[in-house]
Amino acid sequence: MNDFLRRIYLSVASILFFLWLGMVVWIFKKNLPNFASLVSGPVSLTATTSAEWAPLFNIPGIRFSVYQVKSGESYSQIAGRFQLSERTLRSLNQANDEEEPKPGNSIFIPSQDGIFHVMRPGQSLSDVARAYGVSLGSILQFDHLTGDSDVQAGQVIYIPEGKYLTDKDVHWISLLALQDQKGFIKPTTGRFADGFGERINPISGKKEFHPGLDLAPGWRAAVVASQTGKVIFAGIRAGYGRLIILDHGNGLTSRYGHLDQIMVKLDQVVKQGELIGRVGMTGMATGPHLHFEIRLNGKPQNPLIYLTQ
């Protein structure tokens, strides 16, 4: 090959090389966000962030970091990147409403899978354990806690073998109802005479479902509104005798049965703790007591899940 042809080949090769290199650079720049997403990891807690958040992430053996959400990313995609389940990220970030994270927002990433709960005002560890279907002892042991005095509002706790709660789950709704000014209080004093669930009816002697709690403080003891609400029934109903029903919004209602005296009127708005009646034994009752129910969308719930006292 003579020098002339050699120079031609080298020139063509050089041109093709630079064209190829330019194409690679163009492709890289065009897809830079995607490349960065593939190779970048979570941003560690900065000194500023640590000072603000670290006290709330004090779970032995689990590390936490912060990740900034990129455009188009979902909880499922982010969880997959860090080899975690979507439910882990949603529980830790309190995103159990099926919404996806917004670009630019920061979310927390744990070093291991599991169910987490962020404590809120008015919630106790016993309330949380009951809602997630685990024992209080398992939470105390894993999180190295001795009781409610060790936790504060906003603190993250790990729920060993806990079930995932969506925002539509009755147990989640009841947990939210326990927040300050939203929890239910005992409507009267005295002992719990009968509980929620299957029991032997003291009148018929047959096994049946008891949809509430019976409290026995004594004849004509004061009955107060367990939560702020509107009176939607105040009268006599079969079985209940004199009955008051309060509507608390969000599908929640409370019932106060077997009253001796009703002290509110239909459509009246009463505040939590306000006197609404007196304990009696009207209706199907073997002795003076208050029959107390909490219902969600008409379905009886265990009042103990909602009571803050």
# chains A, B, ... in the order shown; residues from 1 in each chain; ligands from 1
>>> residues_around(residues="A:Gly197", least_positions_apart="6", cutoff="7 Å", atoms="only C-alpha atoms", output="PyMOL selection string")
chain A and resi 209-211
>>> write_last_selection(atoms="N, CA and C atoms", output="PDB file, in the first residue's frame")
ATOM      1  N   PHE A 209     -72.751 -12.675  69.944  1.00  0.00           N
ATOM      2  CA  PHE A 209     -71.707 -11.651  69.813  1.00  0.00           C
ATOM      3  C   PHE A 209     -72.104 -10.409  70.588  1.00  0.00           C
ATOM      4  N   HIS A 210     -71.201  -9.929  71.435  1.00  0.00           N
ATOM      5  CA  HIS A 210     -71.426  -8.706  72.206  1.00  0.00           C
ATOM      6  C   HIS A 210     -70.669  -7.573  71.526  1.00  0.00           C
ATOM      7  N   PRO A 211     -71.371  -6.579  70.938  1.00  0.00           N
ATOM      8  CA  PRO A 211     -70.722  -5.581  70.081  1.00  0.00           C
ATOM      9  C   PRO A 211     -70.083  -4.399  70.806  1.00  0.00           C
TER      10      PRO A 211
END
>>> select_by_dssp(residues="stretch 158-275 of chain A", states="strand (DSSP E)", output="PyMOL selection string")
chain A and resi 158-159+191-194+197-200+207-210+213-216+222-224+229-237+241-249+252-262+269-270+275
>>> atom_distance(atom1="atom CA of A:Gly162", atom2="atom CA of A:Tyr132")
5.2 Å
>>> select_by_dssp(residues="stretch 69-307 of chain A", states="alpha helix (DSSP H)", output="PyMOL selection string")
chain A and resi 75-81+86-92+125-132+136-143+170-177+303-306
>>> write_last_selection(atoms="C-alpha atoms", output="compact mmCIF listing (two decimals), in the first residue's frame")
# COMPACT_ATOMS: atom_id res chain seq x y z
CA TYR A 75 -41.69 3.22 45.91
CA SER A 76 -41.53 -0.16 44.21
CA GLN A 77 -38.59 0.86 42.00
CA ILE A 78 -36.68 2.49 44.86
CA ALA A 79 -37.27 -0.50 47.12
CA GLY A 80 -35.95 -2.83 44.41
CA ARG A 81 -32.77 -0.80 44.06
CA GLU A 86 -42.14 -1.81 48.96
CA ARG A 87 -44.06 -2.25 52.21
CA THR A 88 -40.88 -1.59 54.17
CA LEU A 89 -40.40 1.81 52.55
CA ARG A 90 -44.07 2.72 52.75
CA SER A 91 -44.32 1.85 56.45
CA LEU A 92 -41.12 3.72 57.35
CA LEU A 125 -46.73 1.11 72.62
CA SER A 126 -49.57 -1.18 73.73
CA ASP A 127 -51.88 0.49 71.19
CA VAL A 128 -49.30 -0.02 68.45
CA ALA A 129 -48.65 -3.65 69.37
CA ARG A 130 -52.37 -4.42 69.37
CA ALA A 131 -52.92 -2.72 66.01
CA TYR A 132 -50.05 -4.55 64.27
CA LEU A 136 -45.80 -5.66 73.41
CA GLY A 137 -42.87 -7.68 74.75
CA SER A 138 -41.47 -8.31 71.28
CA ILE A 139 -41.42 -4.58 70.52
CA LEU A 140 -39.82 -3.72 73.83
CA GLN A 141 -37.17 -6.39 73.38
CA PHE A 142 -36.22 -5.62 69.77
CA ASP A 143 -36.25 -1.82 70.14
CA VAL A 170 -59.44 -0.33 60.75
CA HIS A 171 -56.42 -0.79 62.99
CA TRP A 172 -54.60 2.08 61.25
CA ILE A 173 -57.69 4.29 61.52
CA SER A 174 -57.95 3.50 65.22
CA LEU A 175 -54.29 4.41 65.71
CA LEU A 176 -54.86 7.78 64.08
CA ALA A 177 -57.90 8.28 66.29
CA PRO A 303 -63.57 -0.02 71.91
CA LEU A 304 -60.35 -0.95 73.70
CA ILE A 305 -58.44 -0.20 70.49
CA TYR A 306 -59.77 3.37 70.51
>>> residues_around(residues="A:Ile62", least_positions_apart="6", cutoff="8 Å", atoms="only C-alpha atoms", output="compact mmCIF listing (two decimals) with C-alpha atoms, in the first residue's frame")
# COMPACT_ATOMS: atom_id res chain seq x y z
CA PRO A 110 -33.48 1.37 56.29
CA SER A 111 -30.66 -1.16 56.19
CA GLN A 112 -33.05 -4.12 56.45
>>> closest_residue(among="A:Thr228, A:Ala285, A:Glu161, A:Phe64", to="A:Val270", atoms="only C-alpha atoms")
A:Thr228
>>> atom_distance(atom1="atom CA of A:Lys265", atom2="atom CA of A:Leu243")
11.5 Å
>>> atom_distance(atom1="atom CA of A:Asp167", atom2="atom CA of A:Glu99")
10.9 Å
>>> closest_residue(among="A:Lys186, A:Arg237, A:Lys163, A:Lys271", to="A:Glu293", atoms="only C-alpha atoms")
A:Lys186
>>> residues_around(residues="A:Ile157", least_positions_apart="6", cutoff="8 Å", atoms="only C-alpha atoms", output="list of chain:residue names")
A:Phe57, A:Ile59, A:Phe116, A:His117, A:Val118, A:Met119, A:Ile139, A:Asp143
>>> closest_residue(among="A:Pro60, A:Gly229, A:Gly195, A:Pro288", to="A:Asn250", atoms="only C-alpha atoms")
A:Gly229
